[in-house]
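The next block is upload-v1.cif, given as mmCIF, C-alpha atoms.
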data_data
loop_
_atom_site.label_atom_id
_atom_site.label_comp_id
_atom_site.auth_asym_id
_atom_site.auth_seq_id
_atom_site.Cartn_x
_atom_site.Cartn_y
_atom_site.Cartn_z
CA MET A 9 -105.28 132.34 121.84
CA SER A 10 -105.76 133.73 125.35
CA ARG A 11 -109.27 134.91 126.21
CA GLY A 12 -109.67 138.66 126.45
CA ARG A 13 -111.27 138.47 129.89
CA GLY A 14 -108.21 136.76 131.39
CA ALA A 15 -106.03 139.69 130.38
CA VAL A 16 -108.38 142.20 132.09
CA ASP A 17 -108.42 140.54 135.55
CA PRO A 18 -105.08 141.89 136.82
CA LYS A 19 -106.53 145.35 136.30
CA ARG A 20 -109.52 144.71 138.64
CA VAL A 21 -110.34 147.82 140.62
CA SER A 22 -110.97 147.43 144.35
CA SER A 23 -114.64 147.49 145.24
CA GLU A 24 -113.88 150.18 147.80
CA LEU A 25 -112.65 152.52 145.11
CA PHE A 26 -115.78 151.77 143.12
CA SER A 27 -118.07 152.50 146.10
CA LEU A 28 -116.15 155.68 146.85
CA THR A 29 -116.33 156.86 143.24
CA TYR A 30 -120.05 156.21 143.01
CA GLY A 31 -120.67 157.87 146.36
CA CYS A 32 -118.66 160.90 145.34
CA MET A 33 -120.71 161.15 142.17
CA VAL A 34 -124.07 160.99 143.99
CA ALA A 35 -122.89 163.57 146.53
CA GLN A 36 -121.81 165.91 143.74
CA LEU A 37 -125.10 165.45 141.91
CA LEU A 38 -126.96 166.37 145.11
CA LYS A 39 -124.83 169.47 145.43
CA ASP A 40 -125.39 170.45 141.80
CA PHE A 41 -129.10 169.69 141.54
CA GLU A 42 -130.13 170.04 145.21
CA ASN A 43 -133.45 168.30 144.52
CA PRO A 44 -133.24 164.53 145.26
CA GLU A 45 -135.99 163.79 142.70
CA GLU A 46 -133.86 165.41 140.03
CA VAL A 47 -130.85 163.39 141.16
CA ASN A 48 -132.92 160.21 140.83
CA LYS A 49 -133.65 161.16 137.21
CA GLN A 50 -130.00 161.98 136.51
CA LEU A 51 -128.83 158.68 137.97
CA GLU A 52 -131.38 156.83 135.84
CA THR A 53 -130.21 158.64 132.69
CA MET A 54 -126.55 157.93 133.44
CA GLY A 55 -127.46 154.32 134.04
CA TYR A 56 -129.29 154.21 130.72
CA ASN A 57 -126.19 155.50 128.87
CA ILE A 58 -124.09 152.86 130.60
CA GLY A 59 -126.64 150.11 129.88
CA VAL A 60 -126.76 150.64 126.13
CA ARG A 61 -123.00 150.04 125.95
CA LEU A 62 -122.73 147.46 128.72
CA ILE A 63 -125.07 145.00 127.03
CA ASP A 64 -122.67 144.37 124.15
CA ASP A 65 -119.83 143.85 126.62
CA PHE A 66 -121.97 141.31 128.46
CA LEU A 67 -122.98 139.51 125.25
CA ALA A 68 -119.44 139.47 123.85
CA HIS A 69 -118.13 137.84 127.03
CA SER A 70 -121.07 135.42 127.38
CA PRO A 71 -121.23 133.58 124.07
CA SER A 72 -123.60 130.99 125.53
CA VAL A 73 -126.36 133.56 126.06
CA THR A 74 -129.04 133.51 123.36
CA ARG A 75 -132.08 135.70 122.83
CA CYS A 76 -134.55 135.30 125.71
CA SER A 77 -138.08 134.43 124.71
CA THR A 78 -139.76 134.83 128.11
CA LEU A 79 -139.47 137.32 130.95
CA GLU A 80 -138.49 134.45 133.24
CA GLU A 81 -135.47 133.78 131.06
CA VAL A 82 -134.61 137.48 131.14
CA ALA A 83 -134.77 137.53 134.93
CA GLU A 84 -132.62 134.42 135.15
CA VAL A 85 -129.89 135.74 132.82
CA LEU A 86 -130.04 139.21 134.38
CA CYS A 87 -129.44 137.97 137.92
CA LYS A 88 -127.32 134.88 137.52
CA GLN A 89 -125.06 136.24 134.76
CA GLY A 90 -125.48 139.98 134.32
CA PHE A 91 -125.36 141.12 137.94
CA LYS A 92 -122.80 138.43 138.71
CA MET A 93 -120.46 139.62 135.97
CA PHE A 94 -120.54 143.32 136.79
CA LEU A 95 -121.38 143.67 140.48
CA GLY A 96 -120.38 140.24 141.76
CA ILE A 97 -123.79 139.69 143.36
CA VAL A 98 -126.76 137.49 142.45
CA PRO A 99 -130.06 139.18 143.36
CA GLU A 100 -133.12 137.06 144.15
CA VAL A 101 -136.06 137.02 141.78
CA ARG A 102 -139.38 137.28 143.63
CA ASN A 103 -142.96 138.49 143.57
CA TRP A 104 -144.01 137.56 140.08
CA SER A 105 -147.24 139.17 138.96
CA SER A 106 -150.06 136.84 137.93
CA ALA A 107 -149.63 137.76 134.28
CA LYS A 108 -145.89 137.03 134.59
CA ASP A 109 -145.07 140.46 133.21
CA GLU A 110 -143.62 141.93 136.39
CA PHE A 111 -141.09 140.74 138.93
CA SER A 112 -138.89 142.01 141.72
CA LEU A 113 -135.16 141.81 142.16
CA VAL A 114 -134.10 141.69 145.77
CA ILE A 115 -130.52 142.69 146.53
CA THR A 116 -129.11 141.54 149.85
CA GLU A 117 -125.66 143.09 149.64
CA ASN A 118 -125.39 146.23 147.56
CA PRO A 119 -121.73 146.96 146.69
CA LEU A 120 -122.63 150.54 145.76
CA ALA A 121 -123.98 151.38 149.20
CA GLU A 122 -121.61 149.53 151.52
CA TYR A 123 -120.65 152.38 153.84
CA VAL A 124 -123.45 154.81 153.05
CA GLU A 125 -125.84 156.64 155.36
CA LEU A 126 -128.39 158.91 153.76
CA PRO A 127 -128.66 162.48 155.08
CA PRO A 128 -132.07 163.34 156.61
CA HIS A 129 -133.31 165.50 153.73
CA CYS A 130 -132.82 162.61 151.30
CA GLN A 131 -134.19 159.86 153.56
CA ASP A 132 -137.60 159.89 151.92
CA CYS A 133 -136.95 160.62 148.29
CA LEU A 134 -133.47 159.65 147.07
CA TRP A 135 -132.98 156.23 145.49
CA TYR A 136 -129.23 156.02 146.04
CA SER A 137 -128.57 153.17 143.60
CA ASN A 138 -130.96 154.38 140.93
CA ILE A 139 -128.20 154.04 138.37
CA ILE A 140 -128.91 150.30 138.38
CA CYS A 141 -132.46 150.88 137.13
CA GLY A 142 -131.10 152.90 134.22
CA VAL A 143 -128.55 150.25 133.35
CA ILE A 144 -131.23 147.54 133.24
CA ARG A 145 -133.55 149.68 131.13
CA GLY A 146 -130.77 150.68 128.68
CA ALA A 147 -129.38 147.19 128.33
CA LEU A 148 -132.78 145.59 127.70
CA GLU A 149 -133.71 148.29 125.20
CA MET A 150 -130.72 147.31 123.06
CA VAL A 151 -132.09 143.79 122.88
CA GLN A 152 -135.41 145.25 121.75
CA MET A 153 -137.22 144.96 125.07
CA ASP A 154 -138.98 147.96 126.59
CA VAL A 155 -139.20 147.71 130.39
CA LYS A 156 -140.08 149.96 133.29
CA CYS A 157 -137.59 149.65 136.11
CA SER A 158 -137.72 151.35 139.49
CA PHE A 159 -136.83 150.97 143.13
CA VAL A 160 -139.62 150.07 145.55
CA GLY A 161 -137.52 149.78 148.67
CA ASP A 162 -134.00 150.44 149.91
CA THR A 163 -132.41 149.41 153.19
CA LEU A 164 -130.69 152.80 153.13
CA ARG A 165 -134.11 154.37 153.52
CA GLY A 166 -135.07 152.09 156.37
CA ASN A 167 -137.11 149.65 154.26
CA ASP A 168 -136.93 145.92 154.90
CA SER A 169 -135.13 145.13 151.69
CA THR A 170 -133.48 146.69 148.66
CA GLU A 171 -135.94 145.83 145.93
CA ILE A 172 -136.21 146.79 142.25
CA ARG A 173 -139.47 146.24 140.38
CA ILE A 174 -139.17 145.42 136.69
CA LYS A 175 -142.22 145.54 134.44
CA PHE A 176 -142.27 144.34 130.85
CA VAL A 177 -143.89 146.90 128.55
CA LYS A 178 -143.37 145.66 124.99
CA ILE A 179 -141.00 144.28 122.38
CA LEU A 180 -139.56 147.00 120.16
CA GLU A 181 -140.58 145.50 116.81
CA ASP A 182 -139.13 148.06 114.44
CA SER A 183 -135.56 147.76 115.69
CA LEU A 184 -135.57 143.94 115.69
CA PRO A 185 -132.50 142.73 113.79
CA ALA A 186 -133.17 140.77 110.61
CA GLY A 187 -133.55 137.07 111.11
CA GLU A 188 -135.19 137.25 114.52
CA ASP A 189 -138.87 136.47 114.78
CA THR B 2 -92.73 156.06 82.15
CA PHE B 3 -94.08 157.06 78.79
CA PRO B 4 -91.57 158.57 76.39
CA THR B 5 -94.03 160.11 73.95
CA HIS B 6 -97.61 161.09 73.41
CA PRO B 7 -99.99 159.27 72.78
CA ILE B 8 -100.05 156.57 75.46
CA PRO B 9 -101.65 153.15 74.90
CA LEU B 10 -104.26 153.66 77.63
CA VAL B 11 -107.79 155.02 77.42
CA LEU B 12 -108.40 157.16 80.48
CA SER B 13 -111.62 158.55 81.89
CA SER B 14 -112.44 160.84 84.76
CA ASP B 15 -116.13 160.22 85.43
CA THR B 16 -115.60 158.65 88.86
CA GLY B 17 -113.76 161.66 90.24
CA LYS B 18 -110.47 159.89 89.68
CA VAL B 19 -108.52 159.38 86.47
CA MET B 20 -109.00 155.69 85.70
CA VAL B 21 -107.86 153.34 83.02
CA LYS B 22 -110.92 152.37 80.99
CA PHE B 23 -109.25 150.34 78.28
CA GLY B 24 -105.79 149.22 77.15
CA ALA B 25 -102.81 147.93 79.08
CA SER B 26 -99.19 148.82 79.62
CA GLY B 27 -96.90 146.62 81.69
CA ASN B 28 -98.81 145.76 84.85
CA VAL B 29 -101.36 148.50 84.39
CA LYS B 30 -104.86 147.25 83.58
CA PRO B 31 -108.40 148.63 83.34
CA GLY B 32 -109.61 149.56 86.79
CA HIS B 33 -106.34 151.08 87.92
CA SER B 34 -106.30 154.78 88.65
CA VAL B 35 -103.64 157.50 88.51
CA THR B 36 -102.03 158.01 91.89
CA ALA B 37 -99.03 160.18 90.90
CA VAL B 38 -97.71 162.18 87.93
CA ASN B 39 -93.92 162.58 87.71
CA LYS B 40 -93.70 161.09 91.21
CA GLN B 41 -95.92 163.85 92.67
CA PRO B 42 -99.14 162.50 94.25
CA VAL B 43 -102.37 163.69 92.65
CA SER B 44 -105.53 164.86 94.32
CA GLY B 45 -108.74 163.99 92.52
CA LEU B 46 -108.47 165.10 88.90
CA TYR B 47 -105.59 167.52 89.46
CA THR B 48 -101.84 167.12 89.70
CA ALA B 49 -99.81 168.49 92.58
CA ASN B 50 -99.37 171.71 90.56
CA ASP B 51 -103.16 172.09 90.22
CA LYS B 52 -103.25 171.20 86.56
CA PRO B 53 -105.98 168.85 85.29
CA ILE B 54 -104.33 165.44 84.90
CA LEU B 55 -105.97 164.67 81.58
CA ASP B 56 -104.68 167.95 80.12
CA VAL B 57 -101.14 167.09 81.15
CA ILE B 58 -101.43 163.60 79.69
CA ASN B 59 -102.91 164.83 76.40
CA ASP B 60 -100.27 167.51 75.93
CA PRO B 61 -97.34 166.19 73.86
CA ALA B 62 -95.08 168.82 75.45
CA SER B 63 -95.32 167.12 78.87
CA TYR B 64 -93.49 164.02 77.65
CA PRO B 65 -91.47 162.08 78.70
CA LEU B 66 -93.98 161.59 81.53
CA THR B 67 -93.96 159.22 84.49
CA ILE B 68 -97.42 158.17 85.63
CA THR B 69 -97.94 155.97 88.67
CA PHE B 70 -101.04 153.77 88.70
CA GLY B 71 -102.62 151.98 91.58
CA ARG B 72 -105.69 149.96 92.44
CA THR B 73 -108.40 152.24 93.72
CA LYS B 74 -109.32 151.77 97.36
CA ALA B 75 -112.86 152.64 98.43
CA SER B 76 -113.16 155.96 100.26
CA ALA B 77 -114.73 156.11 103.70
CA ASN B 78 -118.04 157.30 102.22
CA GLU B 79 -118.06 154.53 99.64
CA LYS B 80 -117.43 152.01 102.40
CA LEU B 81 -120.34 153.42 104.42
CA MET B 82 -122.60 153.18 101.40
CA LEU B 83 -121.59 149.60 100.64
CA ALA B 84 -122.05 148.63 104.28
CA SER B 85 -125.56 150.05 104.40
CA ILE B 86 -126.44 148.20 101.19
CA PHE B 87 -125.15 145.04 102.82
CA HIS B 88 -127.33 145.77 105.86
CA SER B 89 -130.40 145.83 103.59
CA LEU B 90 -129.35 142.67 101.75
CA PHE B 91 -128.88 140.94 105.09
CA ALA B 92 -132.47 141.79 106.02
CA ILE B 93 -133.80 140.71 102.61
CA ALA B 94 -132.02 137.37 102.90
CA ALA B 95 -133.78 136.68 106.20
CA GLN B 96 -137.14 137.67 104.75
CA ILE B 97 -137.10 135.69 101.52
CA SER B 98 -136.31 132.47 103.33
CA PRO B 99 -138.89 129.80 102.44
CA VAL B 100 -138.34 128.31 105.90
CA GLU B 101 -139.25 130.43 108.91
CA GLN B 102 -136.74 131.94 111.34
CA SER B 103 -133.82 132.09 108.96
CA SER B 104 -130.73 134.05 109.85
CA GLY B 105 -129.44 136.77 107.55
CA ILE B 106 -126.40 136.42 105.28
CA LYS B 107 -123.71 134.39 107.03
CA GLU B 108 -121.41 133.76 104.09
CA LEU B 109 -121.10 135.28 100.65
CA HIS B 110 -118.91 133.48 98.13
CA THR B 111 -117.38 134.93 94.99
CA GLU B 112 -114.62 133.81 92.68
CA LYS B 113 -111.92 135.82 94.42
CA PHE B 114 -113.05 136.10 98.04
CA THR B 115 -115.51 135.11 100.74
CA LEU B 116 -117.42 137.46 103.00
CA ARG B 117 -118.37 136.16 106.44
CA CYS B 118 -120.84 137.96 108.66
CA PHE B 119 -121.84 137.71 112.32
CA GLN B 120 -124.85 139.51 113.81
CA THR B 121 -125.04 140.11 117.56
CA ILE B 122 -128.26 139.96 119.57
CA THR B 123 -128.17 143.75 119.71
CA GLY B 124 -128.22 143.92 115.90
CA VAL B 125 -124.62 145.01 115.33
CA LYS B 126 -123.11 143.23 112.33
CA PHE B 127 -119.46 142.37 111.93
CA PHE B 128 -118.22 141.13 108.59
CA VAL B 129 -114.83 140.19 107.22
CA ILE B 130 -113.68 139.77 103.64
CA VAL B 131 -111.27 136.86 103.42
CA ASP B 132 -109.71 134.33 101.11
CA GLN B 133 -111.97 131.35 100.31
CA LYS B 134 -109.58 129.01 102.10
CA GLN B 135 -109.52 131.08 105.31
CA THR B 136 -110.63 129.17 108.41
CA GLY B 137 -111.38 130.34 111.93
CA CYS B 138 -113.58 133.25 110.88
CA GLU B 139 -116.23 132.56 113.56
CA HIS B 140 -113.58 132.95 116.21
CA LEU B 141 -112.12 136.03 114.53
CA LEU B 142 -115.51 137.71 114.31
CA ARG B 143 -116.19 137.04 118.00
CA ARG B 144 -112.76 138.38 118.90
CA ILE B 145 -113.54 141.55 116.92
CA TYR B 146 -116.86 141.84 118.81
CA GLU B 147 -114.88 141.72 122.07
CA LEU B 148 -112.50 144.42 120.80
CA TYR B 149 -115.50 146.55 119.79
CA THR B 150 -117.06 146.30 123.26
CA ASP B 151 -113.74 147.11 124.91
CA TYR B 152 -112.12 149.84 122.84
CA VAL B 153 -115.11 151.42 121.16
CA LEU B 154 -118.09 151.12 123.52
CA LYS B 155 -116.05 151.72 126.64
CA ASN B 156 -114.62 154.88 125.16
CA PRO B 157 -116.94 157.53 126.64
CA PHE B 158 -116.15 159.94 123.83
CA TYR B 159 -117.24 157.61 121.05
CA PRO B 160 -120.77 158.53 119.89
CA ILE B 161 -122.80 155.38 119.23
CA ASP B 162 -123.53 154.44 115.59
CA MET B 163 -120.92 156.84 114.19
CA PRO B 164 -117.92 155.67 112.13
CA ILE B 165 -115.28 154.32 114.46
CA ARG B 166 -112.22 156.53 114.82
CA CYS B 167 -110.61 154.93 117.87
CA GLU B 168 -106.86 154.50 117.65
CA LEU B 169 -106.78 151.77 120.34
CA PHE B 170 -109.41 149.78 118.48
CA ASP B 171 -107.44 150.02 115.21
CA GLN B 172 -104.19 149.00 116.92
CA ASN B 173 -105.67 145.97 118.65
CA LEU B 174 -107.61 144.98 115.56
CA ARG B 175 -104.39 144.95 113.55
CA LYS B 176 -102.77 142.74 116.20
CA VAL B 177 -105.62 140.22 116.10
CA ILE B 178 -105.57 140.08 112.30
CA GLU B 179 -101.80 139.56 112.26
CA GLN B 180 -102.26 136.73 114.74
CA VAL B 181 -104.86 135.06 112.53
CA GLU B 182 -102.67 135.47 109.44
CA ARG B 183 -99.73 133.86 111.21
CA THR B 184 -101.72 130.85 112.41
CA THR B 185 -103.39 130.43 109.01
CA VAL B 186 -100.10 130.23 107.15
CA TYR B 187 -99.03 127.56 109.62
CA ASN B 188 -102.20 125.53 108.89
CA SER B 189 -101.84 125.55 105.13
CA ALA B 190 -98.16 124.63 105.47
CA THR B 191 -99.08 121.49 107.44
CA LEU B 192 -101.81 120.61 104.92
CA ALA B 193 -99.33 120.89 102.05
#

Produce structure tokens that represent the structure in this file.
Amino acid sequence: MSRGRGAVDPKRVSSELFSLTYGCMVAQLLKDFENPEEVNKQLETMGYNIGVRLIDDFLAHSPSVTRCSTLEEVAEVLCKQGFKMFLGIVPEVRNWSSAKDEFSLVITENPLAEYVELPPHCQDCLWYSNIICGVIRGALEMVQMDVKCSFVGDTLRGNDSTEIRIKFVKILEDSLPAGED
Amino acid sequence: TFPTHPIPLVLSSDTGKVMVKFGASGNVKPGHSVTAVNKQPVSGLYTANDKPILDVINDPASYPLTITFGRTKASANEKLMLASIFHSLFAIAAQISPVEQSSGIKELHTEKFTLRCFQTITGVKFFVIVDQKQTGCEHLLRRIYELYTDYVLKNPFYPIDMPIRCELFDQNLRKVIEQVERTTVYNSATLA
């Protein structure tokens, strides 16, 4: 029986079209909402809605992935498999907190922002790729993990690196599926 | 077709359908329900002409009468109810385990069929009701999970946790099941 994934490959969309589509969406959101802070929130919400559905797609196509019991495992699977599968990049995991409940993801090449230059009025407040934070938060929530996820730097804004900070908040006990500890 | 009143079947209507409670006639047994009267399909307890079915059957003037019986299929609501009961049983099974960290129900065996269940890390459960001799259910369940993520979750107009009414999902599901049925027949032929 041929694997489902093999049948999807011929329909791969060019990354340029993807960047253009995302860019068009952010530009439209800025036009509609005018306030970059509001756009950040909208991007995060859209990302969240994507994340809650994306996680099952990831798990269905990665049968070797099991429930992670530590945040280090989460970071590992997120970067080496999650990001790899959907964005084709593998971010670096850095800057662990002493309590091991926080870490940073550093993205060297962001496919969403390949040809982008931020306009001056957004330079200081827009997180262009904020959708990624929403996706991470939504996906992890569906595996009963509550995290806070936000950008702390973006090369588009003139920072040294594009960095996302992820902080573990708690395990969502009441929605834990039966049979898990 | 019954030529005269009375007929050798005891019928009741307490389940919202006219069902055979007792007696037999040809292939008709208890548990079957009335699906058509004089070749006209019925709806609930009424014939196509809006007459109560039991009245028509008990009236000697209606005879000769042709009644079509069929096995009752669960309605969508009944299926939802049974599925949610299964969800609770699944949780109970995990909890009453004398050994810690047990999974929920993976297989349920009865005389006539086997139920096999797969729970994803996100808590979604997929279960299939198959013949006891059916093999390859693990693979089938994973294939169904893939179809769910593709045709249901990727459909932006499908609201999460609602009953699935996605035509593409149904079509592809039917294809996968046909594939499994074909390969299974092949297997039992080689065993024989």

Give me, as a tab-separated table, the closest atom pair and its distance (Å, one decimal) for every residue of region 80-125 of chain B within a cut-off of 8 Å of region 131-155 of chain B, counting all atoms listed in the file, rows sorted by chain and rising number.
residue	atom	partner	partner_atom	distance
B:His110	CA	B:Gln133	CA	7.6
B:Lys113	CA	B:Asp132	CA	7.2
B:Phe114	CA	B:Asp132	CA	4.9
B:Thr115	CA	B:Gln133	CA	5.2
B:Leu116	CA	B:Val131	CA	6.2
B:Arg117	CA	B:Cys138	CA	7.2
B:Cys118	CA	B:Leu142	CA	7.8
B:Phe119	CA	B:Leu142	CA	6.6

Residues within 10 Å of region 98-103 of chain A, please, as a PyMOL selection string. Count only C-alpha atoms; anything in the same chain fewer than 3 positions from it doesn't count. chain A and resi 80+83-84+86-93+95+106+108+110-118+170-173

What does the file look like for those residues with C-alpha atoms, as a PDB file, keeping the file's coordinate frame?
ATOM      1  CA  GLU A  80    -138.490 134.450 133.240  1.00  0.00           C
ATOM      2  CA  ALA A  83    -134.770 137.530 134.930  1.00  0.00           C
ATOM      3  CA  GLU A  84    -132.620 134.420 135.150  1.00  0.00           C
ATOM      4  CA  LEU A  86    -130.040 139.210 134.380  1.00  0.00           C
ATOM      5  CA  CYS A  87    -129.440 137.970 137.920  1.00  0.00           C
ATOM      6  CA  LYS A  88    -127.320 134.880 137.520  1.00  0.00           C
ATOM      7  CA  GLN A  89    -125.060 136.240 134.760  1.00  0.00           C
ATOM      8  CA  GLY A  90    -125.480 139.980 134.320  1.00  0.00           C
ATOM      9  CA  PHE A  91    -125.360 141.120 137.940  1.00  0.00           C
ATOM     10  CA  LYS A  92    -122.800 138.430 138.710  1.00  0.00           C
ATOM     11  CA  MET A  93    -120.460 139.620 135.970  1.00  0.00           C
ATOM     12  CA  LEU A  95    -121.380 143.670 140.480  1.00  0.00           C
ATOM     13  CA  SER A 106    -150.060 136.840 137.930  1.00  0.00           C
ATOM     14  CA  LYS A 108    -145.890 137.030 134.590  1.00  0.00           C
ATOM     15  CA  GLU A 110    -143.620 141.930 136.390  1.00  0.00           C
ATOM     16  CA  PHE A 111    -141.090 140.740 138.930  1.00  0.00           C
ATOM     17  CA  SER A 112    -138.890 142.010 141.720  1.00  0.00           C
ATOM     18  CA  LEU A 113    -135.160 141.810 142.160  1.00  0.00           C
ATOM     19  CA  VAL A 114    -134.100 141.690 145.770  1.00  0.00           C
ATOM     20  CA  ILE A 115    -130.520 142.690 146.530  1.00  0.00           C
ATOM     21  CA  THR A 116    -129.110 141.540 149.850  1.00  0.00           C
ATOM     22  CA  GLU A 117    -125.660 143.090 149.640  1.00  0.00           C
ATOM     23  CA  ASN A 118    -125.390 146.230 147.560  1.00  0.00           C
ATOM     24  CA  THR A 170    -133.480 146.690 148.660  1.00  0.00           C
ATOM     25  CA  GLU A 171    -135.940 145.830 145.930  1.00  0.00           C
ATOM     26  CA  ILE A 172    -136.210 146.790 142.250  1.00  0.00           C
ATOM     27  CA  ARG A 173    -139.470 146.240 140.380  1.00  0.00           C
TER      28      ARG A 173
END

Would you mind telling me which residue in A:Arg145, A:Lys49, A:His69, A:Arg165 lies nearest to Val124 (chain A) when using only C-alpha atoms?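 Nearest candidate to Val124 (chain A) out of A:Arg145, A:Lys49, A:His69, A:Arg165: A:Arg165.
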
Please return as a PyMOL selection string every residue within 12 Å of (-114.6, 151.1, 144.1), taking into account all atoms listed in the file and the file's own coordinates. chain A and resi 20-33+95+119-123

Residues near region 66-79 of chain B, anyone? I mean within 6 Å using only C-alpha atoms, not counting same-chain ones fewer than 4 positions away, as a PDB file with C-alpha atoms, in the coordinates of the input.
ATOM      1  CA  THR B   2     -92.730 156.060  82.150  1.00  0.00           C
ATOM      2  CA  PHE B   3     -94.080 157.060  78.790  1.00  0.00           C
ATOM      3  CA  HIS B  33    -106.340 151.080  87.920  1.00  0.00           C
ATOM      4  CA  SER B  34    -106.300 154.780  88.650  1.00  0.00           C
ATOM      5  CA  VAL B  35    -103.640 157.500  88.510  1.00  0.00           C
ATOM      6  CA  THR B  36    -102.030 158.010  91.890  1.00  0.00           C
ATOM      7  CA  ALA B  37     -99.030 160.180  90.900  1.00  0.00           C
ATOM      8  CA  VAL B  38     -97.710 162.180  87.930  1.00  0.00           C
ATOM      9  CA  ASN B  39     -93.920 162.580  87.710  1.00  0.00           C
TER      10      ASN B  39
END

Residues of chain B within 10 Å of chain A, counting only C-alpha atoms, as a short mmCIF file (atom, residue, chain, number, x, y, z; two decimals) with C-alpha atoms, keeping the file's coordinate frame:
data_model
loop_
_atom_site.label_atom_id
_atom_site.label_comp_id
_atom_site.auth_asym_id
_atom_site.auth_seq_id
_atom_site.Cartn_x
_atom_site.Cartn_y
_atom_site.Cartn_z
CA HIS B 88 -127.33 145.77 105.86
CA SER B 89 -130.40 145.83 103.59
CA LEU B 90 -129.35 142.67 101.75
CA PHE B 91 -128.88 140.94 105.09
CA ALA B 92 -132.47 141.79 106.02
CA ILE B 93 -133.80 140.71 102.61
CA ALA B 94 -132.02 137.37 102.90
CA ALA B 95 -133.78 136.68 106.20
CA GLN B 96 -137.14 137.67 104.75
CA SER B 98 -136.31 132.47 103.33
CA GLU B 101 -139.25 130.43 108.91
CA GLN B 102 -136.74 131.94 111.34
CA SER B 103 -133.82 132.09 108.96
CA SER B 104 -130.73 134.05 109.85
CA GLY B 105 -129.44 136.77 107.55
CA ILE B 106 -126.40 136.42 105.28
CA GLN B 120 -124.85 139.51 113.81
CA THR B 121 -125.04 140.11 117.56
CA ILE B 122 -128.26 139.96 119.57
CA THR B 123 -128.17 143.75 119.71
CA GLY B 124 -128.22 143.92 115.90
CA VAL B 125 -124.62 145.01 115.33
CA LYS B 126 -123.11 143.23 112.33
CA ARG B 143 -116.19 137.04 118.00
CA ARG B 144 -112.76 138.38 118.90
CA ILE B 145 -113.54 141.55 116.92
CA TYR B 146 -116.86 141.84 118.81
CA GLU B 147 -114.88 141.72 122.07
CA LEU B 148 -112.50 144.42 120.80
CA TYR B 149 -115.50 146.55 119.79
CA THR B 150 -117.06 146.30 123.26
CA ASP B 151 -113.74 147.11 124.91
CA VAL B 153 -115.11 151.42 121.16
CA LEU B 154 -118.09 151.12 123.52
CA LYS B 155 -116.05 151.72 126.64
CA ASN B 156 -114.62 154.88 125.16
CA PRO B 157 -116.94 157.53 126.64
CA ILE B 161 -122.80 155.38 119.23
CA VAL B 177 -105.62 140.22 116.10
CA GLN B 180 -102.26 136.73 114.74
CA VAL B 181 -104.86 135.06 112.53
#

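Interatomic distance, CA of Asn50 (chain B) against CA of Lys80 (chain B): 29.2 Å.
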
For Leu10 (chain B), the nearest of the candidates B:Leu83, B:Leu46, B:Lys40, B:Leu55, counting only C-alpha atoms: B:Leu55

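Distances here use all atoms listed in the file; by that measure, the residue among A:Cys130, A:Val160, A:Ile97, A:Val82 closest to Phe176 (chain A) is A:Val82.
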
State, in Å with one decimal place, the distance from CA of Leu38 (chain A) to CA of Thr53 (chain A).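 Interatomic distance, CA of Leu38 (chain A) to CA of Thr53 (chain A): 15.0 Å.
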
Can you work out the spacing between CA of Gln131 (chain A) and CA of Gln50 (chain A) in Å, to one decimal?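 Between CA of Gln131 (chain A) and CA of Gln50 (chain A) the gap is 17.7 Å.
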
Find, counting all atoms listed in the file, the residue in A:Asn48, A:Ser169, A:Thr78, A:Ser70 that gets nearest to Gly142 (chain A).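 The closest residue to Gly142 (chain A) is A:Asn48.
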
If you count all atoms listed in the file, which residues fall within 12 Å of Pro127 (chain A), apart from same-chain ones fewer than 4 positions away, as a list in words?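 Skipping anything fewer than 4 positions along the chain leaves Ala35, Leu38, Pro44, Gln131, Asp132, Cys133, Leu134, Tyr136, Leu164 and Arg165 of chain A.
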